[in-house]
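Shown here: structure26.txt, compact mmCIF, C-alpha atoms and all ligand atoms.
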# COMPACT_ATOMS: atom_id res chain seq x y z
CA MET E 1 0.00 0.00 0.00
CA GLN E 2 1.38 3.38 -0.98
CA LEU E 3 0.45 6.82 0.28
CA ASN E 4 1.58 9.96 -1.48
CA ALA E 5 2.55 13.12 0.36
CA PRO E 6 0.76 12.43 3.65
CA LEU E 7 -0.12 15.56 5.61
CA ASP E 8 -0.84 15.95 9.30
CA MET E 9 -3.07 18.99 9.58
CA HIS E 10 -2.86 19.33 13.38
CA LEU E 11 0.42 18.61 15.12
CA HIS E 12 2.12 19.62 18.36
CA LEU E 13 5.88 19.64 18.05
CA ARG E 14 6.50 21.53 21.33
CA ASP E 15 9.88 23.19 21.80
CA ALA E 16 13.43 22.79 23.12
CA GLU E 17 14.37 19.26 24.19
CA MET E 18 10.93 17.79 23.44
CA LEU E 19 11.00 19.26 19.93
CA ASP E 20 14.42 17.73 19.34
CA ASN E 21 13.20 14.40 20.68
CA ILE E 22 10.02 14.01 18.64
CA ALA E 23 10.15 16.16 15.49
CA GLN E 24 11.72 13.43 13.39
CA ALA E 25 8.91 11.02 14.21
CA SER E 26 6.61 13.16 12.05
CA ALA E 27 9.22 14.29 9.53
CA GLN E 28 10.19 10.75 8.59
CA THR E 29 6.80 9.81 7.21
CA PHE E 30 4.78 12.98 6.62
CA SER E 31 5.40 15.54 3.85
CA GLY E 32 4.30 18.34 6.11
CA ALA E 33 2.13 19.34 9.03
CA ILE E 34 0.22 22.26 10.47
CA ILE E 35 2.21 23.16 13.57
CA MET E 36 0.25 24.30 16.59
CA PRO E 37 1.41 27.52 18.29
CA ASN E 38 0.62 26.79 21.96
CA LEU E 39 4.12 27.17 23.33
CA VAL E 40 4.95 29.10 26.49
CA PRO E 41 4.62 31.97 25.62
CA PRO E 42 2.34 31.30 22.63
CA VAL E 43 3.65 32.04 19.13
CA SER E 44 2.05 35.41 18.39
CA THR E 45 4.57 37.64 16.61
CA LYS E 46 6.34 37.44 13.29
CA GLU E 47 9.70 37.07 15.02
CA GLU E 48 8.39 34.18 17.12
CA VAL E 49 6.96 32.34 14.10
CA VAL E 50 10.17 32.74 12.11
CA ALA E 51 12.34 31.67 15.03
CA TYR E 52 10.13 28.66 15.89
CA LYS E 53 10.18 27.51 12.28
CA LYS E 54 13.97 27.65 12.33
CA ARG E 55 14.10 25.53 15.48
CA ILE E 56 11.80 22.98 13.83
CA ILE E 57 13.91 22.81 10.67
CA LYS E 58 16.96 22.25 12.85
CA ALA E 59 15.22 19.53 14.85
CA ILE E 60 14.18 17.54 11.78
CA GLY E 61 17.77 17.34 10.60
CA ASN E 62 18.11 15.78 7.17
CA GLU E 63 14.46 14.83 6.78
CA LYS E 64 12.39 16.56 4.11
CA PHE E 65 9.31 17.99 5.75
CA THR E 66 7.35 21.25 5.55
CA PRO E 67 6.23 22.82 8.81
CA TYR E 68 3.13 24.87 7.98
CA MET E 69 3.28 27.49 10.68
CA THR E 70 0.40 28.99 12.67
CA LEU E 71 -0.06 31.93 14.97
CA PHE E 72 -1.89 31.93 18.31
CA PHE E 73 -5.07 33.98 17.74
CA LYS E 74 -5.50 37.26 19.56
CA PRO E 75 -8.51 39.55 19.01
CA SER E 76 -6.08 42.48 18.82
CA TYR E 77 -4.57 41.37 15.49
CA ASP E 78 -5.28 44.02 12.86
CA LYS E 79 -5.06 43.97 9.11
CA ALA E 80 -1.67 45.69 8.88
CA PHE E 81 -0.17 43.13 11.26
CA LEU E 82 -1.79 40.20 9.47
CA GLU E 83 -0.57 41.47 6.10
CA SER E 84 2.94 41.66 7.49
CA ILE E 85 2.89 38.01 8.60
CA ARG E 86 0.81 36.58 5.73
CA ASP E 87 3.76 34.90 4.04
CA GLU E 88 4.97 33.26 7.25
CA VAL E 89 1.78 31.54 8.37
CA THR E 90 -0.63 29.03 6.87
CA ALA E 91 -3.36 29.51 9.47
CA ILE E 92 -4.19 31.05 12.82
CA LYS E 93 -5.27 28.92 15.78
CA LEU E 94 -7.90 30.05 18.23
CA TYR E 95 -8.02 28.54 21.73
CA PRO E 96 -10.76 29.29 24.20
CA ALA E 97 -8.99 30.47 27.37
CA GLY E 98 -7.65 27.70 29.59
CA ILE E 99 -9.20 24.79 27.69
CA THR E 100 -6.07 22.74 26.95
CA THR E 101 -2.27 22.65 27.31
CA ASN E 102 -0.86 26.21 27.31
CA SER E 103 -4.07 27.95 26.25
CA GLU E 104 -4.31 30.39 29.16
CA GLY E 105 -4.00 33.44 26.90
CA GLY E 106 -6.87 32.36 24.65
CA VAL E 107 -10.24 33.92 23.86
CA SER E 108 -12.78 34.04 26.69
CA GLY E 109 -15.95 35.51 25.18
CA PHE E 110 -17.08 34.86 21.62
CA ASP E 111 -18.52 38.27 20.97
CA VAL E 112 -18.72 38.59 17.20
CA ASP E 113 -18.26 42.37 17.25
CA GLU E 114 -15.17 42.09 19.39
CA LEU E 115 -13.68 39.48 17.05
CA ARG E 116 -14.82 41.22 13.86
CA PRO E 117 -11.74 43.31 12.99
CA ALA E 118 -9.32 40.38 13.27
CA LEU E 119 -11.58 37.79 11.65
CA GLU E 120 -12.62 40.08 8.80
CA ALA E 121 -8.98 40.84 8.06
CA MET E 122 -8.19 37.11 8.07
CA SER E 123 -11.11 36.51 5.77
CA GLU E 124 -9.87 39.17 3.32
CA LEU E 125 -6.33 37.81 3.43
CA ASN E 126 -7.63 34.23 3.07
CA ILE E 127 -6.02 33.01 6.30
CA PRO E 128 -7.93 30.00 7.67
CA LEU E 129 -9.00 30.03 11.32
CA CYS E 130 -8.33 26.79 13.20
CA VAL E 131 -10.42 26.43 16.33
CA HIS E 132 -10.17 24.22 19.40
CA GLY E 133 -13.93 24.14 19.87
CA GLU E 134 -14.80 23.46 23.49
CA THR E 135 -16.73 25.49 26.06
CA ASN E 136 -15.87 25.31 29.75
CA GLY E 137 -18.99 23.21 30.43
CA PHE E 138 -19.23 19.57 31.54
CA VAL E 139 -16.35 17.69 29.94
CA MET E 140 -18.50 15.37 27.78
CA ASP E 141 -20.66 18.27 26.53
CA ARG E 142 -18.01 20.90 25.80
CA GLU E 143 -17.67 20.28 22.10
CA ALA E 144 -21.38 19.88 21.38
CA GLU E 145 -22.01 23.11 23.28
CA PHE E 146 -19.41 24.86 21.17
CA VAL E 147 -21.20 24.03 17.90
CA SER E 148 -23.47 27.06 18.31
CA ILE E 149 -20.33 29.23 18.48
CA TYR E 150 -19.04 27.63 15.28
CA GLU E 151 -22.38 28.41 13.67
CA ARG E 152 -22.28 32.00 14.87
CA LEU E 153 -18.76 32.50 13.48
CA ALA E 154 -19.54 30.71 10.21
CA THR E 155 -22.59 32.94 9.69
CA ALA E 156 -20.90 36.20 10.67
CA PHE E 157 -17.79 35.54 8.52
CA PRO E 158 -19.06 33.57 5.52
CA LYS E 159 -15.80 33.91 3.56
CA LEU E 160 -13.58 32.84 6.45
CA LYS E 161 -12.44 29.21 6.31
CA ILE E 162 -13.08 27.81 9.76
CA ILE E 163 -11.49 24.49 10.66
CA MET E 164 -13.17 22.66 13.53
CA GLU E 165 -10.08 20.99 14.97
CA HIS E 166 -10.00 17.39 16.19
CA ILE E 167 -13.77 16.90 16.17
CA THR E 168 -15.09 14.17 18.44
CA THR E 169 -18.89 14.39 18.31
CA LYS E 170 -21.80 13.68 16.02
CA GLU E 171 -22.94 17.29 16.52
CA SER E 172 -19.77 18.62 14.88
CA VAL E 173 -20.21 16.19 11.99
CA VAL E 174 -23.72 17.57 11.41
CA ALA E 175 -22.41 21.17 11.46
CA LEU E 176 -19.95 20.33 8.65
CA ASP E 177 -22.70 20.07 6.06
CA LYS E 178 -24.71 22.99 7.35
CA PHE E 179 -22.17 25.69 6.55
CA GLU E 180 -20.08 25.97 3.43
CA ASN E 181 -17.14 27.51 5.28
CA LEU E 182 -16.83 24.90 8.06
CA TYR E 183 -14.20 22.15 7.72
CA ALA E 184 -12.75 19.66 10.20
CA THR E 185 -9.73 17.65 11.20
CA ILE E 186 -10.10 14.23 12.78
CA THR E 187 -7.45 12.34 14.78
CA ILE E 188 -6.67 8.66 14.51
CA HIS E 189 -7.28 8.09 18.21
CA HIS E 190 -10.79 9.52 18.08
CA LEU E 191 -11.54 7.14 15.20
CA LEU E 192 -10.36 4.21 17.31
CA ILE E 193 -11.31 4.78 20.93
CA THR E 194 -14.22 5.91 23.06
CA LEU E 195 -14.29 7.04 26.68
CA ASP E 196 -14.59 3.38 27.59
CA ASP E 197 -11.04 2.75 26.40
CA VAL E 198 -9.77 5.65 28.52
CA ALA E 199 -11.66 5.12 31.74
CA GLY E 200 -13.97 2.11 31.38
CA GLY E 201 -11.51 -0.23 33.05
CA MET E 202 -8.13 0.61 34.50
CA LEU E 203 -7.41 4.29 33.77
CA LYS E 204 -5.26 4.72 30.66
CA PRO E 205 -3.37 7.99 31.01
CA HIS E 206 -1.77 7.71 27.56
CA LEU E 207 -5.24 7.82 25.99
CA PHE E 208 -6.30 10.87 27.97
CA CYS E 209 -6.63 13.93 25.76
CA LYS E 210 -8.68 17.05 25.12
CA PRO E 211 -11.26 16.86 23.71
CA ILE E 212 -11.82 13.66 25.62
CA ALA E 213 -12.90 10.59 23.61
CA LYS E 214 -16.70 10.39 23.52
CA ARG E 215 -19.48 7.84 23.03
CA PRO E 216 -19.65 4.99 20.48
CA GLU E 217 -22.26 6.87 18.39
CA ASP E 218 -19.89 9.84 18.16
CA ARG E 219 -17.08 7.63 16.95
CA THR E 220 -19.45 6.08 14.41
CA ALA E 221 -20.31 9.54 13.06
CA LEU E 222 -16.61 10.40 12.75
CA LEU E 223 -15.83 7.11 11.03
CA LYS E 224 -18.59 7.68 8.53
CA VAL E 225 -17.11 10.93 7.22
CA ALA E 226 -13.45 9.87 7.52
CA LEU E 227 -13.80 6.52 5.75
CA LYS E 228 -15.65 8.03 2.82
CA ALA E 229 -13.13 10.91 2.77
CA HIS E 230 -15.79 13.59 3.00
CA PRO E 231 -14.13 16.47 1.10
CA LYS E 232 -14.37 18.81 4.10
CA VAL E 233 -12.53 16.53 6.52
CA MET E 234 -8.81 15.89 6.72
CA PHE E 235 -6.45 13.98 8.93
CA GLY E 236 -4.93 15.89 11.83
CA SER E 237 -3.23 13.69 14.40
CA ASP E 238 -3.26 16.17 17.31
CA SER E 239 -0.23 14.12 18.33
CA ALA E 240 0.68 15.84 21.58
CA PRO E 241 3.74 14.53 23.40
CA HIS E 242 4.36 14.91 27.11
CA PRO E 243 7.21 13.37 29.11
CA LYS E 244 6.24 10.03 30.65
CA HIS E 245 6.26 11.46 34.18
CA ALA E 246 3.70 14.11 33.18
CA LYS E 247 1.32 11.43 31.86
CA GLU E 248 1.78 8.78 34.54
CA ALA E 249 1.00 11.22 37.32
CA CYS E 250 -1.63 12.52 39.67
CA GLY E 251 -2.78 15.34 37.42
CA CYS E 252 -2.17 13.63 34.07
CA ALA E 253 -1.42 15.99 31.17
CA ALA E 254 -3.82 15.81 28.20
CA GLY E 255 -2.48 14.52 24.90
CA VAL E 256 -1.98 11.29 22.94
CA PHE E 257 1.31 10.72 21.13
CA THR E 258 0.56 9.06 17.80
CA ALA E 259 2.92 10.66 15.27
CA PRO E 260 5.20 7.62 14.71
CA ILE E 261 2.32 5.17 14.20
CA ALA E 262 -0.42 7.34 12.70
CA LEU E 263 -0.12 6.14 9.11
CA GLN E 264 0.15 2.49 10.11
CA LEU E 265 -3.00 2.81 12.24
CA LEU E 266 -4.87 4.61 9.47
CA ALA E 267 -3.95 1.87 6.99
CA GLU E 268 -5.30 -0.76 9.37
CA LEU E 269 -8.44 1.22 10.16
CA PHE E 270 -9.37 1.79 6.53
CA GLU E 271 -8.69 -1.83 5.66
CA THR E 272 -10.65 -3.22 8.60
CA ASN E 273 -13.63 -1.09 7.63
CA GLY E 274 -13.47 -1.98 3.96
CA ALA E 275 -12.68 1.59 2.86
CA SER E 276 -10.59 2.13 -0.25
CA ILE E 277 -6.99 3.22 -0.47
CA GLU E 278 -8.18 6.15 -2.63
CA ASN E 279 -10.29 7.37 0.27
CA LEU E 280 -7.39 7.03 2.67
CA GLN E 281 -5.22 8.97 0.23
CA ALA E 282 -7.82 11.76 0.08
CA PHE E 283 -8.22 11.79 3.86
CA VAL E 284 -4.47 12.05 4.53
CA SER E 285 -3.51 14.41 1.74
CA GLU E 286 -5.76 15.56 -1.13
CA ASN E 287 -8.55 16.99 0.99
CA ALA E 288 -6.05 19.06 2.96
CA GLN E 289 -4.40 20.24 -0.25
CA ASN E 290 -7.77 21.41 -1.56
CA ILE E 291 -8.91 23.04 1.67
CA TYR E 292 -5.65 24.84 2.42
CA GLY E 293 -4.44 25.32 -1.15
CA VAL E 294 -1.04 23.85 -0.34
CA THR E 295 1.17 21.73 -2.59
CA PRO E 296 3.17 19.36 -0.41
CA LEU E 297 6.63 18.09 -1.17
CA GLN E 298 6.55 14.69 -2.81
CA LYS E 299 7.09 11.74 -0.55
CA THR E 300 5.85 8.19 -1.02
CA VAL E 301 5.25 6.02 2.00
CA THR E 302 5.00 2.28 1.40
CA LEU E 303 3.17 0.36 4.09
CA GLU E 304 3.03 -3.40 4.38
CA LYS E 305 0.74 -5.68 6.28
CA LYS E 306 3.32 -6.95 8.71
CA ALA E 307 2.96 -6.82 12.48
CA PHE E 308 4.80 -3.96 14.14
CA LYS E 309 5.48 -3.92 17.85
CA VAL E 310 5.07 -0.34 19.03
CA PRO E 311 8.06 0.69 21.16
CA SER E 312 7.46 1.34 24.85
CA ALA E 313 8.71 4.91 24.34
CA TYR E 314 10.21 7.24 21.76
CA ASN E 315 12.90 9.32 23.49
CA GLY E 316 10.99 9.24 26.76
CA VAL E 317 7.52 9.78 25.27
CA VAL E 318 5.09 6.89 25.53
CA PRO E 319 3.08 6.44 22.32
CA MET E 320 -0.46 5.17 21.93
CA TYR E 321 -0.45 1.34 21.93
CA ALA E 322 3.02 1.18 23.53
CA ASP E 323 4.31 -2.42 23.64
CA GLU E 324 1.32 -3.63 21.63
CA GLU E 325 1.30 -5.06 18.13
CA ILE E 326 -0.33 -3.20 15.26
CA ALA E 327 -1.03 -4.75 11.88
CA TYR E 328 0.88 -2.46 9.52
CA SER E 329 4.52 -1.44 9.25
CA ILE E 330 6.27 1.26 7.27
CA LYS E 331 8.32 -0.51 4.62
CA GLU E 332 9.90 2.38 2.83
CA VAL E 333 9.75 6.13 2.44
CA THR E 334 11.00 7.64 -0.79
CA LEU E 335 11.23 11.22 -1.97
CA GLY E 336 9.96 12.46 -5.28
ZN ZN F 401 -4.11 20.14 19.52

Let me see the file written as structure tokens.
Amino acid sequence: MQLNAPLDMHLHLRDAEMLDNIAQASAQTFSGAIIMPNLVPPVSTKEEVVAYKKRIIKAIGNEKFTPYMTLFFKPSYDKAFLESIRDEVTAIKLYPAGITTNSEGGVSGFDVDELRPALEAMSELNIPLCVHGETNGFVMDREAEFVSIYERLATAFPKLKIIMEHITTKESVVALDKFENLYATITIHHLLITLDDVAGGMLKPHLFCKPIAKRPEDRTALLKVALKAHPKVMFGSDSAPHPKHAKEACGCAAGVFTAPIALQLLAELFETNGASIENLQAFVSENAQNIYGVTPLQKTVTLEKKAFKVPSAYNGVVPMYADEEIAYSIKEVTLG
């Protein structure tokens, strides 16, 4: 099985030692990725974007990989500022305040008039808005509650491309088809697990993430659009590494590390569900190319149906399915 130019449209590469430890895991197999800006402090100036991109390029070493950079949304961004950074960023990421790792400086109200100057400028400059869509309500309801905010934004800014990041609910899937300018990324872990896998038996800290995995009917709704490669959905791993001690702790950090095994798991998932390789190809690359208007560097990943034992850790970061066997292996990655 061959995949061309796979793209990860939602990736956390972190910074400093963690960046150096995990960047190659994505760069080895993906052609490029949308890099999330939630560092401490968040990436919110041109200098910070340029410098972070340099650190990423350094961390990936000899691998060929395009980091598509993003900025951390602030309502104070004006058109002059956005014009000045247009060439450096592929998208801007909006976090509601305090909802996930390093999102303290995010947006707290969703007053359309307050957001209008920044979002209208983004719309005019054709900069997509990526959104972590959760309210601060009850943990299982946060995303569904946020759908009305998506609808408000989609209506108020009809030319703005709004990406509902890492959707986990049937409500978000319904919203996709209601508004022309709403799109979505879906992770591999939300296509595979439900809350039962996280907390139904012994607690599994390495499957704990935000948004938390939901109910079986939510997963079914996600599978339906992913497996048929609905043109408005694309793969975004939300691979989010934390050191082992931060996961296996009282006060477990949110995030699932899937970057090194994402393509293998996707291959298995599509095969198990009888979905075609063409659909997988669209889900991991073409849809994203169409939505974002990007042309990725050419890379061909050959996968084979051969059991792969997932390592217990990658440079101190425990991946999903650590020490377990998965059905597919990466056989070869070639450029061009
Ligand atoms: Zn994320």

- prompt: Hey, can you pull every residue with an atom no more than 8 Å from (-8.5, 8.4, 27.8), using all atoms listed in the file, and send it as number ranges by chain?
  reply: E: 194-199, 203-209, 212-213

Could I get the residues of chain E with an atom no further than 8 Å from an atom of ligand ZN 401 (chain F), each paired with its nearest atom pair and that distance in Å to one decimal, using all atoms listed in the file, sorted by chain and residue number, as a tab-separated table?
residue	atom	partner	partner_atom	distance
E:His10	CA	F:ZN401	ZN	6.3
E:Leu11	CA	F:ZN401	ZN	6.5
E:His12	CA	F:ZN401	ZN	6.4
E:Met36	CA	F:ZN401	ZN	6.7
E:His132	CA	F:ZN401	ZN	7.3
E:Glu165	CA	F:ZN401	ZN	7.6
E:His166	CA	F:ZN401	ZN	7.3
E:Lys210	CA	F:ZN401	ZN	7.9
E:Asp238	CA	F:ZN401	ZN	4.6
E:Ser239	CA	F:ZN401	ZN	7.3
E:Ala240	CA	F:ZN401	ZN	6.8
E:Gly255	CA	F:ZN401	ZN	7.9

Residue contacts of segment 217-231 of chain E (7 Å, only C-alpha atoms) excluding same-chain residues fewer than 2 positions away, as a PyMOL selection string: chain E and resi 168-170+173+190-191+194+214-215+233+270+275+279-280+282-283+287

query: With distances taken over all atoms listed in the file, which of E:Ser44, E:Asn315, E:Gln281, E:Gln289 is nearest to Ala25 of chain E?
result: E:Asn315

message: So the first atom is atom CA of Tyr68 of chain E and the second is atom CA of Leu269 of chain E; what is the distance between them in Å, to one decimal place?
response: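 Here the two named atoms are 26.4 Å from each other.
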
field: Spatial neighbours of Gln298 of chain E, 9 Å, only C-alpha atoms, chain gap at least 4 places, as a PyMOL selection string
entry: chain E and resi 4-6+31+334-336

- request: Grab the atom CA of Ala16 of chain E to atom CA of Asn102 of chain E distance for me, in Å with one decimal place.
  value: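 Separation between atom CA of Ala16 of chain E and atom CA of Asn102 of chain E: 15.3 Å.
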